[in-house]
Amino acid sequence: MPPMSTDNISTHVRILLSQDAIERFGEEIEMRLLAQPHELVALESVGSAGEANIDIAFLTKDISGHSTKTVLSEPLAKFFALLRSSNSLKWVHTHSAGADRPIYPELIAKGARVSTSSGLTADTVAQSAVAGLLSLARRFPRLRDAQLRKAWEPLLEERAPRDLKGQVATVVGQGPIGREISRLLSAIGLHVIGVRTSVRPAPHCAETIAFESLPLVLPRTDWLVLACPLTDTTRRMIDATTFALLPAGAHLINVARGEVVVENDLIDALQQRRLAGAFLDVFELEPLSAESPLWTLPDVIITPHTSSHSIGYYTRVGELFLDNLVRWCKGEPLINDATRYQPPRSTT
C-alpha cells in the first residue's frame, strides 16, 4: 500500500485517548507534534458522541480492560461510539494484537486506517502457552488437586509423566507469537512442526506445513498449540474431526482466539478422554459461562484471556503509537497497518 499523503493531515488534529494515556504519553506526543496544531481529547471529558470529531484515536488497555468480545465496558462502548460518529477520523491505533472486532473493518471501509500492536505480546503470550504446556506435561493440575486434599501422592509408576524431549508440538500460526512458542519448545527438546499459510521454512521448526496439510500431521501430534489469527481459514478450524485424528494422550493449547475451536467438540473430546487435557486462555464467548463444563473438567487449565498481560505492556504500546504518530505525520507507512486487509467480521 502506498504511503499516506501529508494532505490527509488537517490543520488542527484532534487525538482521542484516555486521561491516563495523556498523563503517561502526553509530553512525548507534544514533542512529536511540535509543529502540528493539535489537541489531546480525553475520553472522560467528552459528554456525547456528537461533541467530538476525532482525527486520530489511541485505544489503550485501560479503556477496554474489563470488556470481552460480547460485553463492552462503558468506556469502550463510548470510545467506539465516538469513532463511528467522527467523520474526520483518519487513523486508529489499538493496543490489541489483532483487528478482528467488527468495528475495525467498518472503520476501514469508511476510509480510516487501523494499526495494531502485533508482536508486542509475543514474549508474554508465548511464555503463558509454554507454562500451560509444561504444567500439563508435569501433571501440575493433579498435584494441585492432591495438595487441596492434603494428600501425599507422588507421580510414580503409571502416574509418572512422559518425557517431553522428543514429543511433537504442532504450532498453528507462525507470526511473532507462534515463532516465539516454537523457539521455546524447540529449546526444551520438542520436535516442532510449524503451520503457516505456505510451506516456506519457519525459524525453530523442524518441519513447516501449510494450513491445508494440518490433518496429515495430527496423528503424530502430542501438543496442538494454537497461536494463529482469526481469519476465514482458521475460524472453527479445530473440531471433532481434528480431535479424532490426534493420538491418545494429546493436549490442546489455545492462546489464539476462541472461535478457532468448535467449543462443544472440545468439551466432548475432553469428556470422552479422546483429548487428555487443555490449556485455554480464549473461548467462543467471553467471559466463559459459569455453566460451562470446561471449568471442572480434569486436566484443564483456564485463564481469563490474560496470557498477554504484563506491567510493561502499556509502555511498549505507547512507544509503538508514538513511532507511528511520527510516521503518520510524515505520510510514511504505519507499523502493523491492518488496513491492507479486511479482518473477518466476528459473529458476536
# chains A, B, ... in the order shown; residues from 1 in each chain; ligands from 1
call {"tool": "select_by_dssp", "arguments": {"residues": "stretch 57-124 of chain A", "states": "helix (DSSP H, G or I)", "output": "JSON, numbers by chain"}}
result
{"A": [61, 62, 63, 64, 74, 75, 76, 77, 78, 79, 80, 81, 82, 83, 84, 85, 103, 104, 105, 106, 107, 108, 109, 122, 123, 124]}
call {"tool": "residues_around", "arguments": {"residues": "A:Leu184", "least_positions_apart": "5", "cutoff": "9 Å", "atoms": "only C-alpha atoms", "output": "PDB file with N, CA and C atoms, in the first residue's frame"}}
result
ATOM      1  N   ALA A 126       3.675 -16.250  24.562  1.00  0.00           N
ATOM      2  CA  ALA A 126       4.442 -17.488  24.379  1.00  0.00           C
ATOM      3  C   ALA A 126       4.807 -18.109  25.721  1.00  0.00           C
ATOM      4  N   GLN A 127       5.205 -17.264  26.664  1.00  0.00           N
ATOM      5  CA  GLN A 127       5.548 -17.785  27.997  1.00  0.00           C
ATOM      6  C   GLN A 127       4.328 -18.423  28.658  1.00  0.00           C
ATOM      7  N   VAL A 130       3.649 -21.826  26.908  1.00  0.00           N
ATOM      8  CA  VAL A 130       4.623 -22.853  27.286  1.00  0.00           C
ATOM      9  C   VAL A 130       4.465 -23.225  28.758  1.00  0.00           C
ATOM     10  N   ARG A 179       6.185 -17.983  16.483  1.00  0.00           N
ATOM     11  CA  ARG A 179       7.641 -18.184  16.344  1.00  0.00           C
ATOM     12  C   ARG A 179       8.312 -18.283  17.704  1.00  0.00           C
ATOM     13  N   GLY A 189      13.347 -29.262  23.727  1.00  0.00           N
ATOM     14  CA  GLY A 189      13.646 -30.556  23.133  1.00  0.00           C
ATOM     15  C   GLY A 189      12.508 -31.189  22.366  1.00  0.00           C
ATOM     16  N   HIS A 204      13.072 -22.199  13.927  1.00  0.00           N
ATOM     17  CA  HIS A 204      12.921 -23.064  15.100  1.00  0.00           C
ATOM     18  C   HIS A 204      11.942 -24.211  14.874  1.00  0.00           C
TER      19      HIS A 204
END
call {"tool": "closest_atom_pairs", "arguments": {"of": "stretch 199-274 of chain A", "to": "stretch 154-163 of chain A", "cutoff": "12 Å", "atoms": "only C-alpha atoms", "output": "Markdown table"}}
result
| residue | atom | partner | partner_atom | distance |
| --- | --- | --- | --- | --- |
| A:Asp222 | CA | A:Arg162 | CA | 10.9 |
| A:Gly249 | CA | A:Arg162 | CA | 10.0 |
| A:Ala250 | CA | A:Arg162 | CA | 11.6 |
call {"tool": "write_last_selection", "arguments": {"atoms": "N, CA and C atoms", "output": "mmCIF file, in the first residue's frame"}}
result
data_model
loop_
_atom_site.group_PDB
_atom_site.id
_atom_site.type_symbol
_atom_site.label_atom_id
_atom_site.label_comp_id
_atom_site.auth_asym_id
_atom_site.auth_seq_id
_atom_site.Cartn_x
_atom_site.Cartn_y
_atom_site.Cartn_z
ATOM 1 N N ASP A 222 1.531 -34.565 19.652
ATOM 2 C CA ASP A 222 1.257 -34.699 21.086
ATOM 3 C C ASP A 222 0.670 -33.423 21.664
ATOM 4 N N GLY A 249 -3.718 -39.327 24.439
ATOM 5 C CA GLY A 249 -2.805 -38.589 25.305
ATOM 6 C C GLY A 249 -2.435 -37.215 24.799
ATOM 7 N N ALA A 250 -2.973 -36.794 23.657
ATOM 8 C CA ALA A 250 -2.659 -35.470 23.109
ATOM 9 C C ALA A 250 -3.343 -34.374 23.924
#
call {"tool": "closest_residue", "arguments": {"among": "A:Val171, A:Ala202, A:Leu33, A:Ile209", "to": "A:Thr221", "atoms": "only C-alpha atoms"}}
result
A:Val171
call {"tool": "closest_residue", "arguments": {"among": "A:Thr60, A:Ala112, A:His12, A:Leu294", "to": "A:Leu40", "atoms": "only C-alpha atoms"}}
result
A:His12
call {"tool": "closest_residue", "arguments": {"among": "A:Gln174, A:Thr208, A:Thr70, A:Asn53", "to": "A:Leu83", "atoms": "only C-alpha atoms"}}
result
A:Asn53
call {"tool": "atom_distance", "arguments": {"atom1": "atom CA of A:Pro229", "atom2": "atom CA of A:Arg257"}}
result
7.0 Å
call {"tool": "closest_atom_pairs", "arguments": {"of": "stretch 43-153 of chain A", "to": "stretch 304-324 of chain A", "cutoff": "12 Å", "atoms": "only C-alpha atoms", "output": "CSV"}}
result
residue,atom,partner,partner_atom,distance
A:Ile56,CA,A:Phe321,CA,10.8
A:Ala57,CA,A:Phe321,CA,10.1
A:Phe58,CA,A:Phe321,CA,7.5
A:Leu59,CA,A:Val317,CA,9.7
A:Thr60,CA,A:Tyr314,CA,7.5
A:Lys61,CA,A:Tyr314,CA,7.2
A:Asp62,CA,A:Tyr314,CA,9.0
A:Ile63,CA,A:Tyr314,CA,11.7
A:Gly65,CA,A:His309,CA,10.3
A:His66,CA,A:His305,CA,10.9
A:Ser67,CA,A:His305,CA,10.8
A:Thr68,CA,A:His305,CA,9.0
A:Lys69,CA,A:His305,CA,10.6
A:Trp91,CA,A:Asn324,CA,10.2
A:Val92,CA,A:Phe321,CA,9.7
A:His93,CA,A:Phe321,CA,6.7
A:Thr94,CA,A:Val317,CA,8.4
A:His95,CA,A:Val317,CA,6.0
A:Ser96,CA,A:Val317,CA,8.9
A:Ala97,CA,A:Ser308,CA,9.5
A:Arg113,CA,A:Asn324,CA,11.6
A:Val114,CA,A:Asn324,CA,11.1
A:Ser115,CA,A:Asn324,CA,8.6
A:Thr116,CA,A:Phe321,CA,9.1
A:Ser117,CA,A:Val317,CA,6.3
A:Ser118,CA,A:Val317,CA,9.5
A:Gly119,CA,A:Val317,CA,10.1
A:Leu120,CA,A:Arg316,CA,6.9
A:Thr121,CA,A:Ser308,CA,5.4
A:Ala122,CA,A:Ser308,CA,7.8
A:Asp123,CA,A:Ser308,CA,8.3
A:Thr124,CA,A:Ser308,CA,5.3
A:Val125,CA,A:Ser308,CA,4.8
A:Ala126,CA,A:Ser307,CA,8.2
A:Gln127,CA,A:Ser307,CA,8.2
A:Ser128,CA,A:Ser307,CA,5.5
A:Ala129,CA,A:Ser307,CA,7.6
A:Val130,CA,A:Ser307,CA,10.7
A:Ala131,CA,A:Ser307,CA,10.2
A:Gly132,CA,A:Ser307,CA,10.1
call {"tool": "closest_atom_pairs", "arguments": {"of": "stretch 41-121 of chain A", "to": "stretch 230-244 of chain A", "cutoff": "10 Å", "atoms": "only C-alpha atoms", "output": "JSON lines"}}
result
{"residue": "A:Gly98", "atom": "CA", "partner": "A:Leu230", "partner_atom": "CA", "distance": 8.3}
{"residue": "A:Ala99", "atom": "CA", "partner": "A:Leu230", "partner_atom": "CA", "distance": 9.2}
{"residue": "A:Asp100", "atom": "CA", "partner": "A:Leu230", "partner_atom": "CA", "distance": 7.0}
call {"tool": "select_by_dssp", "arguments": {"residues": "stretch 39-144 of chain A", "states": "strand (DSSP E)", "output": "list of chain:residue names"}}
result
A:Glu39, A:Leu40, A:Val41, A:Ala42, A:Ile56, A:Ala57, A:Phe58, A:Leu59, A:Trp91, A:Val92, A:His93, A:Thr94, A:Arg113, A:Val114, A:Ser115
call {"tool": "write_last_selection", "arguments": {"atoms": "N, CA and C atoms", "output": "CSV table (one decimal), in the first residue's frame"}}
result
chain,number,residue,atom,x,y,z
A,39,GLU,N,-4.8,18.8,19.4
A,39,GLU,CA,-5.5,18.9,20.7
A,39,GLU,C,-5.7,17.4,21.2
A,40,LEU,N,-5.3,17.2,22.5
A,40,LEU,CA,-5.5,15.9,23.1
A,40,LEU,C,-6.8,15.9,23.7
A,41,VAL,N,-7.7,15.0,23.3
A,41,VAL,CA,-9.1,14.9,23.8
A,41,VAL,C,-9.2,13.7,24.7
A,42,ALA,N,-9.4,13.9,26.0
A,42,ALA,CA,-9.6,12.8,27.0
A,42,ALA,C,-10.9,12.2,26.8
A,56,ILE,N,-7.5,11.3,15.1
A,56,ILE,CA,-6.7,10.1,15.5
A,56,ILE,C,-7.3,9.6,16.8
A,57,ALA,N,-7.2,8.3,17.0
A,57,ALA,CA,-7.6,7.7,18.2
A,57,ALA,C,-6.6,6.6,18.7
A,58,PHE,N,-6.3,6.6,20.0
A,58,PHE,CA,-5.4,5.7,20.6
A,58,PHE,C,-6.1,4.9,21.6
A,59,LEU,N,-6.4,3.6,21.3
A,59,LEU,CA,-7.1,2.8,22.2
A,59,LEU,C,-6.2,2.0,23.1
A,91,TRP,N,-7.2,7.7,11.5
A,91,TRP,CA,-6.4,6.6,11.9
A,91,TRP,C,-6.7,6.3,13.4
A,92,VAL,N,-6.7,4.9,13.6
A,92,VAL,CA,-6.9,4.4,15.0
A,92,VAL,C,-5.8,3.4,15.2
A,93,HIS,N,-5.2,3.6,16.4
A,93,HIS,CA,-4.2,2.6,16.8
A,93,HIS,C,-4.7,1.9,18.1
A,94,THR,N,-4.7,0.5,18.0
A,94,THR,CA,-5.2,-0.3,19.1
A,94,THR,C,-4.1,-1.0,19.9
A,113,ARG,N,-7.6,4.4,8.7
A,113,ARG,CA,-6.5,3.4,8.9
A,113,ARG,C,-6.6,2.8,10.3
A,114,VAL,N,-6.2,1.6,10.4
A,114,VAL,CA,-6.2,0.9,11.7
A,114,VAL,C,-4.8,0.2,11.8
A,115,SER,N,-4.1,0.5,12.9
A,115,SER,CA,-2.9,-0.2,13.2
A,115,SER,C,-3.0,-0.9,14.5
call {"tool": "closest_residue", "arguments": {"among": "A:Ala169, A:Ser73, A:Leu275, A:Ala210", "to": "A:Ile188", "atoms": "only C-alpha atoms"}}
result
A:Ala169
call {"tool": "closest_residue", "arguments": {"among": "A:Arg24, A:Arg196, A:Arg142, A:His191", "to": "A:Gly277", "atoms": "only C-alpha atoms"}}
result
A:Arg142
call {"tool": "atom_distance", "arguments": {"atom1": "atom CA of A:Ile103", "atom2": "atom CA of A:Arg327"}}
result
23.5 Å
call {"tool": "closest_residue", "arguments": {"among": "A:Leu285, A:Val326, A:Ala187, A:Ile54", "to": "A:Gln36", "atoms": "only C-alpha atoms"}}
result
A:Val326
call {"tool": "decode", "arguments": {"residues": "stretch 69-94 of chain A", "atoms": "N, CA, C and O atoms", "output": "PDB file, in the first residue's frame"}}
result
ATOM      1  N   LYS A  69     -15.391  -9.921  24.276  1.00  0.00           N
ATOM      2  CA  LYS A  69     -15.861  -9.834  22.898  1.00  0.00           C
ATOM      3  C   LYS A  69     -17.365  -9.605  22.828  1.00  0.00           C
ATOM      4  O   LYS A  69     -17.871  -9.015  21.874  1.00  0.00           O
ATOM      5  N   THR A  70     -18.071 -10.075  23.824  1.00  0.00           N
ATOM      6  CA  THR A  70     -19.533  -9.992  23.794  1.00  0.00           C
ATOM      7  C   THR A  70     -20.104  -8.912  24.699  1.00  0.00           C
ATOM      8  O   THR A  70     -21.249  -8.499  24.520  1.00  0.00           O
ATOM      9  N   VAL A  71     -19.329  -8.451  25.667  1.00  0.00           N
ATOM     10  CA  VAL A  71     -19.807  -7.430  26.603  1.00  0.00           C
ATOM     11  C   VAL A  71     -18.794  -6.286  26.636  1.00  0.00           C
ATOM     12  O   VAL A  71     -17.654  -6.476  27.064  1.00  0.00           O
ATOM     13  N   LEU A  72     -19.215  -5.108  26.172  1.00  0.00           N
ATOM     14  CA  LEU A  72     -18.330  -3.945  26.160  1.00  0.00           C
ATOM     15  C   LEU A  72     -18.493  -3.167  27.454  1.00  0.00           C
ATOM     16  O   LEU A  72     -19.618  -2.920  27.908  1.00  0.00           O
ATOM     17  N   SER A  73     -17.369  -2.760  28.033  1.00  0.00           N
ATOM     18  CA  SER A  73     -17.431  -1.876  29.189  1.00  0.00           C
ATOM     19  C   SER A  73     -17.953  -0.520  28.727  1.00  0.00           C
ATOM     20  O   SER A  73     -17.924  -0.187  27.526  1.00  0.00           O
ATOM     21  N   GLU A  74     -18.426   0.293  29.650  1.00  0.00           N
ATOM     22  CA  GLU A  74     -18.949   1.617  29.298  1.00  0.00           C
ATOM     23  C   GLU A  74     -17.903   2.483  28.601  1.00  0.00           C
ATOM     24  O   GLU A  74     -18.213   3.127  27.587  1.00  0.00           O
ATOM     25  N   PRO A  75     -16.640   2.526  29.102  1.00  0.00           N
ATOM     26  CA  PRO A  75     -15.642   3.350  28.398  1.00  0.00           C
ATOM     27  C   PRO A  75     -15.390   2.894  26.962  1.00  0.00           C
ATOM     28  O   PRO A  75     -15.264   3.720  26.059  1.00  0.00           O
ATOM     29  N   LEU A  76     -15.327   1.573  26.735  1.00  0.00           N
ATOM     30  CA  LEU A  76     -15.059   1.097  25.378  1.00  0.00           C
ATOM     31  C   LEU A  76     -16.252   1.361  24.463  1.00  0.00           C
ATOM     32  O   LEU A  76     -16.080   1.741  23.298  1.00  0.00           O
ATOM     33  N   ALA A  77     -17.463   1.160  24.964  1.00  0.00           N
ATOM     34  CA  ALA A  77     -18.649   1.454  24.157  1.00  0.00           C
ATOM     35  C   ALA A  77     -18.670   2.935  23.757  1.00  0.00           C
ATOM     36  O   ALA A  77     -18.998   3.283  22.617  1.00  0.00           O
ATOM     37  N   LYS A  78     -18.323   3.800  24.686  1.00  0.00           N
ATOM     38  CA  LYS A  78     -18.272   5.236  24.404  1.00  0.00           C
ATOM     39  C   LYS A  78     -17.183   5.552  23.375  1.00  0.00           C
ATOM     40  O   LYS A  78     -17.390   6.345  22.445  1.00  0.00           O
ATOM     41  N   PHE A  79     -16.034   4.917  23.521  1.00  0.00           N
ATOM     42  CA  PHE A  79     -14.917   5.117  22.596  1.00  0.00           C
ATOM     43  C   PHE A  79     -15.335   4.728  21.182  1.00  0.00           C
ATOM     44  O   PHE A  79     -15.122   5.475  20.225  1.00  0.00           O
ATOM     45  N   PHE A  80     -15.959   3.558  21.041  1.00  0.00           N
ATOM     46  CA  PHE A  80     -16.391   3.095  19.726  1.00  0.00           C
ATOM     47  C   PHE A  80     -17.463   4.021  19.136  1.00  0.00           C
ATOM     48  O   PHE A  80     -17.482   4.276  17.922  1.00  0.00           O
ATOM     49  N   ALA A  81     -18.355   4.519  19.986  1.00  0.00           N
ATOM     50  CA  ALA A  81     -19.392   5.431  19.504  1.00  0.00           C
ATOM     51  C   ALA A  81     -18.768   6.709  18.941  1.00  0.00           C
ATOM     52  O   ALA A  81     -19.211   7.240  17.907  1.00  0.00           O
ATOM     53  N   LEU A  82     -17.737   7.201  19.597  1.00  0.00           N
ATOM     54  CA  LEU A  82     -17.045   8.404  19.116  1.00  0.00           C
ATOM     55  C   LEU A  82     -16.357   8.140  17.786  1.00  0.00           C
ATOM     56  O   LEU A  82     -16.362   8.997  16.890  1.00  0.00           O
ATOM     57  N   LEU A  83     -15.767   6.969  17.635  1.00  0.00           N
ATOM     58  CA  LEU A  83     -15.109   6.647  16.369  1.00  0.00           C
ATOM     59  C   LEU A  83     -16.135   6.602  15.235  1.00  0.00           C
ATOM     60  O   LEU A  83     -15.892   7.120  14.146  1.00  0.00           O
ATOM     61  N   ARG A  84     -17.268   5.975  15.503  1.00  0.00           N
ATOM     62  CA  ARG A  84     -18.294   5.833  14.465  1.00  0.00           C
ATOM     63  C   ARG A  84     -18.887   7.190  14.059  1.00  0.00           C
ATOM     64  O   ARG A  84     -19.281   7.382  12.913  1.00  0.00           O
ATOM     65  N   SER A  85     -18.941   8.121  14.995  1.00  0.00           N
ATOM     66  CA  SER A  85     -19.577   9.408  14.700  1.00  0.00           C
ATOM     67  C   SER A  85     -18.597  10.461  14.185  1.00  0.00           C
ATOM     68  O   SER A  85     -19.013  11.550  13.798  1.00  0.00           O
ATOM     69  N   SER A  86     -17.316  10.147  14.165  1.00  0.00           N
ATOM     70  CA  SER A  86     -16.305  11.129  13.758  1.00  0.00           C
ATOM     71  C   SER A  86     -16.048  11.027  12.254  1.00  0.00           C
ATOM     72  O   SER A  86     -15.342  10.127  11.790  1.00  0.00           O
ATOM     73  N   ASN A  87     -16.597  11.962  11.518  1.00  0.00           N
ATOM     74  CA  ASN A  87     -16.457  11.927  10.056  1.00  0.00           C
ATOM     75  C   ASN A  87     -15.038  12.220   9.598  1.00  0.00           C
ATOM     76  O   ASN A  87     -14.667  11.887   8.470  1.00  0.00           O
ATOM     77  N   SER A  88     -14.245  12.864  10.460  1.00  0.00           N
ATOM     78  CA  SER A  88     -12.878  13.207  10.064  1.00  0.00           C
ATOM     79  C   SER A  88     -11.854  12.154  10.486  1.00  0.00           C
ATOM     80  O   SER A  88     -10.649  12.351  10.301  1.00  0.00           O
ATOM     81  N   LEU A  89     -12.316  11.043  11.046  1.00  0.00           N
ATOM     82  CA  LEU A  89     -11.393  10.021  11.563  1.00  0.00           C
ATOM     83  C   LEU A  89     -10.503   9.489  10.446  1.00  0.00           C
ATOM     84  O   LEU A  89     -10.970   9.026   9.405  1.00  0.00           O
ATOM     85  N   LYS A  90      -9.188   9.533  10.706  1.00  0.00           N
ATOM     86  CA  LYS A  90      -8.217   9.097   9.707  1.00  0.00           C
ATOM     87  C   LYS A  90      -7.397   7.892  10.150  1.00  0.00           C
ATOM     88  O   LYS A  90      -6.897   7.141   9.314  1.00  0.00           O
ATOM     89  N   TRP A  91      -7.242   7.717  11.473  1.00  0.00           N
ATOM     90  CA  TRP A  91      -6.353   6.637  11.914  1.00  0.00           C
ATOM     91  C   TRP A  91      -6.689   6.252  13.352  1.00  0.00           C
ATOM     92  O   TRP A  91      -6.903   7.117  14.204  1.00  0.00           O
ATOM     93  N   VAL A  92      -6.733   4.938  13.613  1.00  0.00           N
ATOM     94  CA  VAL A  92      -6.923   4.388  14.957  1.00  0.00           C
ATOM     95  C   VAL A  92      -5.792   3.421  15.245  1.00  0.00           C
ATOM     96  O   VAL A  92      -5.495   2.540  14.422  1.00  0.00           O
ATOM     97  N   HIS A  93      -5.159   3.574  16.399  1.00  0.00           N
ATOM     98  CA  HIS A  93      -4.176   2.583  16.839  1.00  0.00           C
ATOM     99  C   HIS A  93      -4.735   1.866  18.059  1.00  0.00           C
ATOM    100  O   HIS A  93      -5.188   2.502  19.020  1.00  0.00           O
ATOM    101  N   THR A  94      -4.699   0.532  18.037  1.00  0.00           N
ATOM    102  CA  THR A  94      -5.221  -0.262  19.141  1.00  0.00           C
ATOM    103  C   THR A  94      -4.118  -1.022  19.850  1.00  0.00           C
ATOM    104  O   THR A  94      -3.145  -1.451  19.226  1.00  0.00           O
TER     105      THR A  94
END
